[in-house]
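Undergrad: I am attaching a structure below and will ask some questions about it afterwards.
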Amino acid sequence: MSDNFASLDLPPGQLANLQQLGYEKMTPIQQQSLPLVLAGSDIIAKAKTGSGKTAAFGIGLLTKINPRDFGTQTMVICPTRELSTQVATEIRRLARYQQNIKVVVLCGGQSIGPQIGSLEHGAHIVVGTPGRIKDHLRKKTLSLSRLGILVLDEADRMLDMGFYSDIETIIHEMPDDRQTLLFSATYPDKIKTLSSSFQRSPVEISVESVRGNEKIHQQLFICDKRERLAGLQRLLMNYPIESAVIFCNTIKLVKEVCDYLVDIGISAKAIHGDLEQRDRDQVLIQFANHSCSLLVATDVAARGLDIEDLPAVINFELPREADVYIHRIGRTGRAGKEGLAFSLFTDSEKYRFDAISTLQENKLNFESIGVLKDIDRQLAAPPMVTLCISGGRKDKFRPGDIVGALTGEAGMDGSVIGKISVLDFVSYVAIERHAANDALRGLEQGKIKGRKVKIRKLR
Ligand code: AMP
């Protein structure tokens with residue numbers, strides 16, 4: 001695949017513009033996305049801010065705009081005002097080779113009057129946040145009946161912020177035969193739901209590389225088969241990591257490892273396919289919001305995990321396939337942070353170690369687990385506690401309502417509130433451990449959206 005912009009079917013004016021902007025070569029996400037965007041395919045692209053993702057869709061969508069038609073032809077929905085502004089600025093830069101392309105930003109927190117004024121004269125491209133776009137649709141100051149391309153940017157963040165139903169409402173105003181481009185830093189299950197509802201045979205794109213990422217420090221230990229659990233304990237005592245996923249190849253082993261850790265007083269939870277959906281949600285939420293330190297998982301179950309930057313991953317056993325190893329350790333060392341990837345393996349799994357070493361094109365070293373000191377210590381409890389609230393999306397709860405109840409009537413300081421997850425019928429809020437009981441009492445005594453709710457502290 002070429003990384004040269006000239007290999008794409010772009011107008012000469014755009015090639016000159018890109019040169020002026022100093023874009024000499026395509027970034028990996030652009031190399032993979034642009035040909036598909038130009039060909040009219042739907043895509044799900046795993047890409048973060050900084051990867052050149054705006055140009056990965058921006059260059060493509062600009063080739064499809066008809067400047068003489070002032071109807072809104074493209075919409076980019078973003079989670080925040082900052083991102084909307086950033087995206088609009090980048091699109092305007094990329095649009096310089098064409099005259100008269102109008103980009104309008106529609107975000108909340110700004111007065112709606114001037115936005116209505118801009119829309120009256122037509123806007124080829126609208127960039128904005130879900131709430132405000134919905135407001136304009138309701139007021140009929142924006143029409144999406146001629147929309148050809150929809151971009152959902154940082155889709156995972158939008159879902160985290162509870163925007164699913166707003167996005168749904170907006171999309172219902174668009175023609176079905178549009179092209180939909182979805183960008184997301186992570187691939188939790190809810191992104192799959194979003195995609196299957198609103199995309200047509202999307203092509204998945206990911207720029208994860210198989211080469212060793214130098215931000216990930218890989219440490220591999222060989223141990224005796226019977227000493228594997230003790231080896232894991234030794235590892236955890238030597239490296240008291242705040243949060244890690246421990247991968248096992250089978251459900252049976254996931255349960256065994258988790259039981260062992262809980263028995264020795266370590267905060268751990270298991271996740272695997274035998275759990276009910278509700279329990280699975282709860283475990284993932286508790287881990288993601290720092291109410292549980294270690295998550296013991298099978299590869300399949302870990303896919304639902306929506307976490308940007310795990311400080312560490314541990315392979316309790318090496319996976320059967322080398323690329324699964326790359327995938328597992330790729331969950332750490334992201335977003336410019338350092339990551340730790342520990343692995344245990346036995347002599348009979350040495351061939352897996354060799355395969356991994358070959359695939360990464362760098363020689364890996366290993367040591368005997370015996371080189372680590374035998375330490376006995378109490379690991380710190382996780383910093384947060386999760387409260388489960390009896391009410392969710394179906395009760396029109398939003399994260400803001402829960403923050404409001406906690407900081408309003410319950411009198412809590414906003415700084416003790418962690419991640420909030422609103423599901424259909426229940427919601428979860430993480431509270432700093434020392435403040436959890438006060439928060440529980442406060443919520444029990446108050447109301448959310450005018451309703452009394454039941455609160456439960458999760459273990
Ligand atoms: P983004 O991930 O879209 O936020 O882009 C990150 C930064 O990279 C922006 O400042 C872009 O202007 C810049 N950029 C995007 N594509 C390229 C490219 N092919 N070459 C050089 N810079 C780029």
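Scheme for the structure tokens: letters A, B, ... for chains in order shown; per-chain residue numbers from 1; ligand numbers from 1 in order shown.
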A:Arg138: which residues within 12 Å, counting only C-alpha atoms, same-chain residues fewer than 6 positions away excluded, as a PyMOL selection string?

TA: chain A and resi 131-132+144+166+169-170+173

Undergrad: Let me have all residues with an atom within 10 Å of ligand 1, counting only C-alpha atoms and all ligand atoms, laid out as a PyMOL selection string.

TA: chain A and resi 3-5+18-19+21-31+47-59+83+86-87+89-91+93-94

Undergrad: Quick one: contact table of stretch 304-401 of chain A to stretch 430-453 of chain A, 6 Å max, nearest atom pair and distance in Å to one decimal per residue, counting only C-alpha atoms, chain and number order, as CSV?

TA:
residue,atom,partner,partner_atom,distance
A:Pro383,CA,A:Arg433,CA,5.8
A:Met384,CA,A:Glu432,CA,4.4
A:Val385,CA,A:Arg433,CA,5.3
A:Thr386,CA,A:Ala430,CA,4.4
A:Ser390,CA,A:Val453,CA,5.6

Undergrad: Find the spatial neighbours of A:Arg331, counting only C-alpha atoms, within a cut-off of 10 Å - ignore same-chain residues fewer than 4 positions away - and output them as a list in words.

TA: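 In the requested format, the answer is Ile216, Ala244, Val245, Leu305, Asp306, Ile307, Glu308, Asp309, Leu310, Pro311, Ala312, Val313, Ile326, His327, Gly339, Leu340 and Ala341 of chain A.
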
Undergrad: Figure out the distance between atom CA of A:Leu379 and atom CA of A:Ile264, please, to one decimal in Å.

TA: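 For atom CA of A:Ile264 relative to atom CA of A:Leu379, the distance reads 10.0 Å.
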
Undergrad: DSSP on the backbone: which residues in stretch 54-243 of chain A end up as alpha helix (DSSP H)? Give the answer as a count of residues only.

TA: 76

Undergrad: Could you pull the residues within 12 Å of A:Arg352, counting only C-alpha atoms, minus those fewer than 6 positions along the same chain, as a ChimeraX atom specification?

TA: /A:220,222,317-325,343-346,358-359,364

Undergrad: Filtering to N, CA, C and O atoms, could you give me those residues as a PDB file, in the first residue's frame?

TA:
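Here's the written file out-v4.pdb:
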ATOM      1  N   LEU A 220       9.228 -11.780  30.571  1.00  0.00           N
ATOM      2  CA  LEU A 220       8.689 -13.133  30.522  1.00  0.00           C
ATOM      3  C   LEU A 220       9.438 -14.018  31.517  1.00  0.00           C
ATOM      4  O   LEU A 220      10.665 -13.909  31.660  1.00  0.00           O
ATOM      5  N   ILE A 222       9.883 -17.998  33.057  1.00  0.00           N
ATOM      6  CA  ILE A 222       9.603 -19.429  32.932  1.00  0.00           C
ATOM      7  C   ILE A 222       9.415 -19.983  34.343  1.00  0.00           C
ATOM      8  O   ILE A 222      10.078 -19.544  35.287  1.00  0.00           O
ATOM      9  N   GLU A 317      -0.751 -17.627  31.053  1.00  0.00           N
ATOM     10  CA  GLU A 317      -0.119 -18.594  30.143  1.00  0.00           C
ATOM     11  C   GLU A 317       0.064 -17.864  28.821  1.00  0.00           C
ATOM     12  O   GLU A 317      -0.672 -16.924  28.538  1.00  0.00           O
ATOM     13  N   LEU A 318       0.966 -18.314  28.022  1.00  0.00           N
ATOM     14  CA  LEU A 318       1.098 -17.712  26.696  1.00  0.00           C
ATOM     15  C   LEU A 318      -0.047 -18.223  25.832  1.00  0.00           C
ATOM     16  O   LEU A 318      -0.443 -19.384  25.941  1.00  0.00           O
ATOM     17  N   PRO A 319      -0.596 -17.377  24.978  1.00  0.00           N
ATOM     18  CA  PRO A 319      -1.678 -17.841  24.116  1.00  0.00           C
ATOM     19  C   PRO A 319      -1.157 -18.814  23.062  1.00  0.00           C
ATOM     20  O   PRO A 319       0.040 -18.853  22.790  1.00  0.00           O
ATOM     21  N   ARG A 320      -2.099 -19.557  22.474  1.00  0.00           N
ATOM     22  CA  ARG A 320      -1.680 -20.555  21.488  1.00  0.00           C
ATOM     23  C   ARG A 320      -1.155 -19.898  20.230  1.00  0.00           C
ATOM     24  O   ARG A 320      -0.313 -20.436  19.536  1.00  0.00           O
ATOM     25  N   GLU A 321      -1.679 -18.724  19.897  1.00  0.00           N
ATOM     26  CA  GLU A 321      -1.202 -18.037  18.693  1.00  0.00           C
ATOM     27  C   GLU A 321      -0.449 -16.765  19.051  1.00  0.00           C
ATOM     28  O   GLU A 321      -0.871 -15.999  19.909  1.00  0.00           O
ATOM     29  N   ALA A 322       0.631 -16.553  18.302  1.00  0.00           N
ATOM     30  CA  ALA A 322       1.512 -15.424  18.616  1.00  0.00           C
ATOM     31  C   ALA A 322       0.804 -14.078  18.424  1.00  0.00           C
ATOM     32  O   ALA A 322       1.028 -13.143  19.188  1.00  0.00           O
ATOM     33  N   ASP A 323      -0.072 -13.973  17.422  1.00  0.00           N
ATOM     34  CA  ASP A 323      -0.687 -12.651  17.221  1.00  0.00           C
ATOM     35  C   ASP A 323      -1.670 -12.301  18.344  1.00  0.00           C
ATOM     36  O   ASP A 323      -1.929 -11.129  18.607  1.00  0.00           O
ATOM     37  N   VAL A 324      -2.188 -13.328  19.032  1.00  0.00           N
ATOM     38  CA  VAL A 324      -3.046 -13.049  20.196  1.00  0.00           C
ATOM     39  C   VAL A 324      -2.206 -12.387  21.301  1.00  0.00           C
ATOM     40  O   VAL A 324      -2.658 -11.487  21.999  1.00  0.00           O
ATOM     41  N   TYR A 325      -0.962 -12.831  21.412  1.00  0.00           N
ATOM     42  CA  TYR A 325      -0.062 -12.207  22.398  1.00  0.00           C
ATOM     43  C   TYR A 325       0.105 -10.714  22.096  1.00  0.00           C
ATOM     44  O   TYR A 325       0.005  -9.870  22.981  1.00  0.00           O
ATOM     45  N   SER A 343       4.585 -12.171  31.463  1.00  0.00           N
ATOM     46  CA  SER A 343       4.086 -13.478  31.028  1.00  0.00           C
ATOM     47  C   SER A 343       4.752 -14.585  31.819  1.00  0.00           C
ATOM     48  O   SER A 343       5.928 -14.490  32.167  1.00  0.00           O
ATOM     49  N   LEU A 344       3.936 -15.605  32.067  1.00  0.00           N
ATOM     50  CA  LEU A 344       4.479 -16.822  32.684  1.00  0.00           C
ATOM     51  C   LEU A 344       4.357 -17.938  31.659  1.00  0.00           C
ATOM     52  O   LEU A 344       3.346 -18.020  30.963  1.00  0.00           O
ATOM     53  N   PHE A 345       5.365 -18.774  31.567  1.00  0.00           N
ATOM     54  CA  PHE A 345       5.210 -19.943  30.706  1.00  0.00           C
ATOM     55  C   PHE A 345       6.054 -21.087  31.238  1.00  0.00           C
ATOM     56  O   PHE A 345       6.985 -20.881  32.017  1.00  0.00           O
ATOM     57  N   THR A 346       5.677 -22.272  30.843  1.00  0.00           N
ATOM     58  CA  THR A 346       6.407 -23.448  31.312  1.00  0.00           C
ATOM     59  C   THR A 346       7.265 -23.972  30.164  1.00  0.00           C
ATOM     60  O   THR A 346       7.123 -23.533  29.018  1.00  0.00           O
ATOM     61  N   THR A 358       9.708 -14.476  17.167  1.00  0.00           N
ATOM     62  CA  THR A 358       9.878 -14.381  15.711  1.00  0.00           C
ATOM     63  C   THR A 358       8.910 -13.354  15.121  1.00  0.00           C
ATOM     64  O   THR A 358       9.303 -12.514  14.319  1.00  0.00           O
ATOM     65  N   LEU A 359       7.660 -13.421  15.544  1.00  0.00           N
ATOM     66  CA  LEU A 359       6.661 -12.506  14.980  1.00  0.00           C
ATOM     67  C   LEU A 359       7.010 -11.044  15.260  1.00  0.00           C
ATOM     68  O   LEU A 359       6.806 -10.169  14.431  1.00  0.00           O
ATOM     69  N   LEU A 364      13.342 -11.732  22.214  1.00  0.00           N
ATOM     70  CA  LEU A 364      12.850 -11.561  23.576  1.00  0.00           C
ATOM     71  C   LEU A 364      13.729 -12.358  24.523  1.00  0.00           C
ATOM     72  O   LEU A 364      14.286 -13.387  24.156  1.00  0.00           O
TER      73      LEU A 364
END
